[in-house]
Amino acid sequence: DGGITQSPKYLFRKEGQNVTLSCEQNLNHDAMYWYRQDPGQGLRLIYYSQIVNDFQKGDIAEGYSVSREKKESFPLTVTSAQKNPTAFYLCASSIKGASYEQYFGPGTRLTVT
Amino acid sequence: AQKITQTQPGMFVQEKEAVTLDCTYDTSDQSYGLFWYKQPSSGEMIFLIYQGSYDEQNATEGRYSLNFQKARKSANLVISASQLGDSAMYFCAMRDTGFQKLVFGTGTRLLVSP
């Protein structure tokens, strides 16, 4: 079955540690995205990539980093510079083009204490 | 800048009734797309329906229809014959042809009662 996988579902880290969230897709989509969701809010874009080895900052990129070495994979690193990293993180992918919907993974809930 | 506004934090509906979830948008672009997603308590986002800015007819997908009023910049989601499984958060989103990202509203929590 085609889809997007994110692991793990729940992640706990101590403050000051970097943590990498995994996102893999087998939909053969060119574009991939990372969003952050806080309670009572909509999704906000962190980073997106339209092609391998290329990515752009979204609205809230500070304290985050990404890589896109393979078409299928778009890992997100939450660095210690991110002031408030506890949130729900969603990865998505799509065919390039404004009329195509984004497919989302199940999300990773990160808690930093 | 693009903006999506969902003014209803929560909505209640009885099973089998229809419900309308409001969405207004703001953009200076002529070409754009509007999306609705459902987010159950499990957290994943489920695509429901899409409307292109040049589409002359309102989009429909099963029990979901999109009431698109371009002049008023509104794209309301209508769910007919509500089911208990429709209880979830619903997000309106927009994307234009210049960018690949989606801009989301703050969502509406729908609760369907028996």
# chains A, B, ... in the order shown; residues from 1 in each chain; ligands from 1

$ interface_residues --of "chain B" --to "chain A" --cutoff "12 Å" --atoms "only C-alpha atoms" --output "NGL selection string"
:B and (1 or 3-6 or 9-10 or 31-55 or 89-109)

$ select_by_dssp --residues "range 7-86 of chain A" --states "strand (DSSP E)" --output "PDB file with N, CA and C atoms, in the first residue's frame"
ATOM      1  N   SER A   7       7.823   8.074  11.966  1.00  0.00           N
ATOM      2  CA  SER A   7       8.154   7.351  13.184  1.00  0.00           C
ATOM      3  C   SER A   7       9.066   8.188  14.061  1.00  0.00           C
ATOM      4  N   TYR A  10       5.182   8.739  19.175  1.00  0.00           N
ATOM      5  CA  TYR A  10       5.431   9.597  20.344  1.00  0.00           C
ATOM      6  C   TYR A  10       6.938   9.637  20.594  1.00  0.00           C
ATOM      7  N   LEU A  11       7.436  10.820  20.917  1.00  0.00           N
ATOM      8  CA  LEU A  11       8.862  11.009  21.123  1.00  0.00           C
ATOM      9  C   LEU A  11       9.072  11.941  22.313  1.00  0.00           C
ATOM     10  N   PHE A  12       9.957  11.514  23.205  1.00  0.00           N
ATOM     11  CA  PHE A  12      10.240  12.318  24.396  1.00  0.00           C
ATOM     12  C   PHE A  12      11.724  12.646  24.416  1.00  0.00           C
ATOM     13  N   ARG A  13      12.047  13.908  24.670  1.00  0.00           N
ATOM     14  CA  ARG A  13      13.455  14.321  24.723  1.00  0.00           C
ATOM     15  C   ARG A  13      13.652  15.314  25.852  1.00  0.00           C
ATOM     16  N   VAL A  19      16.785  16.349  18.009  1.00  0.00           N
ATOM     17  CA  VAL A  19      16.027  15.130  17.731  1.00  0.00           C
ATOM     18  C   VAL A  19      15.603  15.147  16.267  1.00  0.00           C
ATOM     19  N   THR A  20      15.672  13.976  15.621  1.00  0.00           N
ATOM     20  CA  THR A  20      15.300  13.866  14.206  1.00  0.00           C
ATOM     21  C   THR A  20      14.026  13.060  14.052  1.00  0.00           C
ATOM     22  N   LEU A  21      13.068  13.635  13.322  1.00  0.00           N
ATOM     23  CA  LEU A  21      11.799  12.978  13.037  1.00  0.00           C
ATOM     24  C   LEU A  21      11.855  12.407  11.625  1.00  0.00           C
ATOM     25  N   SER A  22      11.420  11.179  11.506  1.00  0.00           N
ATOM     26  CA  SER A  22      11.495  10.482  10.229  1.00  0.00           C
ATOM     27  C   SER A  22      10.226  10.683   9.411  1.00  0.00           C
ATOM     28  N   CYS A  23      10.379  10.792   8.086  1.00  0.00           N
ATOM     29  CA  CYS A  23       9.241  10.835   7.169  1.00  0.00           C
ATOM     30  C   CYS A  23       9.642  10.132   5.872  1.00  0.00           C
ATOM     31  N   GLU A  24       8.901   9.080   5.528  1.00  0.00           N
ATOM     32  CA  GLU A  24       9.166   8.313   4.316  1.00  0.00           C
ATOM     33  C   GLU A  24       7.873   8.167   3.520  1.00  0.00           C
ATOM     34  N   GLN A  25       7.977   8.328   2.184  1.00  0.00           N
ATOM     35  CA  GLN A  25       6.792   8.128   1.344  1.00  0.00           C
ATOM     36  C   GLN A  25       7.123   7.226   0.171  1.00  0.00           C
ATOM     37  N   ALA A  31       7.132  16.482  -4.233  1.00  0.00           N
ATOM     38  CA  ALA A  31       7.112  17.501  -3.186  1.00  0.00           C
ATOM     39  C   ALA A  31       6.832  16.892  -1.818  1.00  0.00           C
ATOM     40  N   MET A  32       7.540  17.389  -0.813  1.00  0.00           N
ATOM     41  CA  MET A  32       7.324  16.954   0.566  1.00  0.00           C
ATOM     42  C   MET A  32       7.352  18.167   1.477  1.00  0.00           C
ATOM     43  N   TYR A  33       6.646  18.033   2.618  1.00  0.00           N
ATOM     44  CA  TYR A  33       6.438  19.179   3.503  1.00  0.00           C
ATOM     45  C   TYR A  33       6.515  18.728   4.948  1.00  0.00           C
ATOM     46  N   TRP A  34       6.881  19.676   5.830  1.00  0.00           N
ATOM     47  CA  TRP A  34       6.771  19.483   7.267  1.00  0.00           C
ATOM     48  C   TRP A  34       5.927  20.611   7.851  1.00  0.00           C
ATOM     49  N   TYR A  35       4.942  20.197   8.677  1.00  0.00           N
ATOM     50  CA  TYR A  35       4.083  21.151   9.363  1.00  0.00           C
ATOM     51  C   TYR A  35       4.174  20.924  10.864  1.00  0.00           C
ATOM     52  N   ARG A  36       3.898  21.981  11.579  1.00  0.00           N
ATOM     53  CA  ARG A  36       3.793  21.903  13.040  1.00  0.00           C
ATOM     54  C   ARG A  36       2.378  22.298  13.429  1.00  0.00           C
ATOM     55  N   GLN A  37       1.804  21.563  14.398  1.00  0.00           N
ATOM     56  CA  GLN A  37       0.478  21.883  14.902  1.00  0.00           C
ATOM     57  C   GLN A  37       0.522  22.007  16.412  1.00  0.00           C
ATOM     58  N   LEU A  43      -2.306  24.179  11.029  1.00  0.00           N
ATOM     59  CA  LEU A  43      -0.953  23.736  10.708  1.00  0.00           C
ATOM     60  C   LEU A  43      -0.124  24.909  10.190  1.00  0.00           C
ATOM     61  N   ARG A  44       1.123  24.924  10.599  1.00  0.00           N
ATOM     62  CA  ARG A  44       2.046  25.952  10.112  1.00  0.00           C
ATOM     63  C   ARG A  44       3.223  25.271   9.433  1.00  0.00           C
ATOM     64  N   LEU A  45       3.625  25.810   8.284  1.00  0.00           N
ATOM     65  CA  LEU A  45       4.656  25.184   7.470  1.00  0.00           C
ATOM     66  C   LEU A  45       6.040  25.474   8.014  1.00  0.00           C
ATOM     67  N   ILE A  46       6.834  24.411   8.171  1.00  0.00           N
ATOM     68  CA  ILE A  46       8.207  24.556   8.666  1.00  0.00           C
ATOM     69  C   ILE A  46       9.182  24.612   7.492  1.00  0.00           C
ATOM     70  N   TYR A  47       9.184  23.570   6.685  1.00  0.00           N
ATOM     71  CA  TYR A  47      10.046  23.469   5.504  1.00  0.00           C
ATOM     72  C   TYR A  47       9.285  22.717   4.416  1.00  0.00           C
ATOM     73  N   TYR A  48       9.676  22.947   3.167  1.00  0.00           N
ATOM     74  CA  TYR A  48       9.156  22.137   2.081  1.00  0.00           C
ATOM     75  C   TYR A  48      10.234  21.924   1.029  1.00  0.00           C
ATOM     76  N   SER A  49      10.041  20.852   0.266  1.00  0.00           N
ATOM     77  CA  SER A  49      11.009  20.473  -0.754  1.00  0.00           C
ATOM     78  C   SER A  49      10.247  20.053  -1.999  1.00  0.00           C
ATOM     79  N   GLN A  50      10.619  20.604  -3.128  1.00  0.00           N
ATOM     80  CA  GLN A  50       9.932  20.260  -4.369  1.00  0.00           C
ATOM     81  C   GLN A  50      10.733  19.274  -5.212  1.00  0.00           C
ATOM     82  N   ILE A  51      12.005  19.082  -4.830  1.00  0.00           N
ATOM     83  CA  ILE A  51      12.849  18.185  -5.603  1.00  0.00           C
ATOM     84  C   ILE A  51      13.996  17.748  -4.709  1.00  0.00           C
ATOM     85  N   ASP A  54      16.971  19.911  -2.742  1.00  0.00           N
ATOM     86  CA  ASP A  54      16.526  21.305  -2.704  1.00  0.00           C
ATOM     87  C   ASP A  54      15.375  21.434  -1.722  1.00  0.00           C
ATOM     88  N   PHE A  55      15.400  22.477  -0.887  1.00  0.00           N
ATOM     89  CA  PHE A  55      14.303  22.712   0.047  1.00  0.00           C
ATOM     90  C   PHE A  55      14.255  24.198   0.388  1.00  0.00           C
ATOM     91  N   GLN A  56      13.079  24.632   0.832  1.00  0.00           N
ATOM     92  CA  GLN A  56      12.852  26.033   1.151  1.00  0.00           C
ATOM     93  C   GLN A  56      12.265  26.165   2.553  1.00  0.00           C
ATOM     94  N   LYS A  57      12.580  27.293   3.184  1.00  0.00           N
ATOM     95  CA  LYS A  57      12.010  27.568   4.504  1.00  0.00           C
ATOM     96  C   LYS A  57      10.541  27.919   4.369  1.00  0.00           C
ATOM     97  N   TYR A  64      14.859  24.646  13.214  1.00  0.00           N
ATOM     98  CA  TYR A  64      14.657  23.371  12.517  1.00  0.00           C
ATOM     99  C   TYR A  64      15.632  23.249  11.349  1.00  0.00           C
ATOM    100  N   SER A  65      15.930  22.006  10.961  1.00  0.00           N
ATOM    101  CA  SER A  65      16.705  21.768   9.749  1.00  0.00           C
ATOM    102  C   SER A  65      16.172  20.514   9.068  1.00  0.00           C
ATOM    103  N   VAL A  66      16.383  20.436   7.744  1.00  0.00           N
ATOM    104  CA  VAL A  66      15.911  19.292   6.971  1.00  0.00           C
ATOM    105  C   VAL A  66      16.986  18.886   5.966  1.00  0.00           C
ATOM    106  N   LEU A  76      13.257  15.614   9.452  1.00  0.00           N
ATOM    107  CA  LEU A  76      13.255  16.924  10.110  1.00  0.00           C
ATOM    108  C   LEU A  76      14.021  16.828  11.417  1.00  0.00           C
ATOM    109  N   THR A  77      14.997  17.722  11.606  1.00  0.00           N
ATOM    110  CA  THR A  77      15.721  17.782  12.873  1.00  0.00           C
ATOM    111  C   THR A  77      15.249  18.990  13.661  1.00  0.00           C
ATOM    112  N   VAL A  78      14.821  18.734  14.879  1.00  0.00           N
ATOM    113  CA  VAL A  78      14.444  19.793  15.802  1.00  0.00           C
ATOM    114  C   VAL A  78      15.680  20.063  16.652  1.00  0.00           C
TER     115      VAL A  78
END

$ closest_residue --among "A:Asp38, A:Gly63, A:Asp30, A:Glu15" --to "Thr79 in chain A" --atoms "only C-alpha atoms"
A:Gly63

$ atom_distance --atom1 "CA of Thr60 in chain B" --atom2 "CA of Pro114 in chain B"
25.2 Å

$ residues_around --residues "Tyr64 in chain B" --least-positions-apart "3" --cutoff "7 Å" --atoms "only C-alpha atoms" --output "short mmCIF file (atom, residue, chain, number, x, y, z; two decimals) with N, CA and C atoms, in the first residue's frame"
data_model
loop_
_atom_site.label_atom_id
_atom_site.label_comp_id
_atom_site.auth_asym_id
_atom_site.auth_seq_id
_atom_site.Cartn_x
_atom_site.Cartn_y
_atom_site.Cartn_z
N THR B 60 -18.18 18.37 -5.38
CA THR B 60 -18.89 17.42 -4.53
C THR B 60 -18.10 16.13 -4.47
N GLU B 61 -18.12 15.50 -3.28
CA GLU B 61 -17.48 14.20 -3.08
C GLU B 61 -18.34 13.43 -2.09
N LEU B 77 -17.91 24.27 3.68
CA LEU B 77 -18.07 22.82 3.52
C LEU B 77 -19.45 22.42 4.04
N VAL B 78 -20.17 21.68 3.23
CA VAL B 78 -21.48 21.16 3.63
C VAL B 78 -21.38 19.65 3.75
N ILE B 79 -21.73 19.15 4.92
CA ILE B 79 -21.77 17.70 5.14
C ILE B 79 -23.24 17.31 5.25
N SER B 80 -23.69 16.47 4.36
CA SER B 80 -25.09 16.04 4.41
C SER B 80 -25.19 14.75 5.21
#

$ residues_around --residues "range 81-84 of chain B" --least-positions-apart "5" --cutoff "8 Å" --atoms "only C-alpha atoms" --output "number ranges by chain"
B: 13-19, 63, 111-114
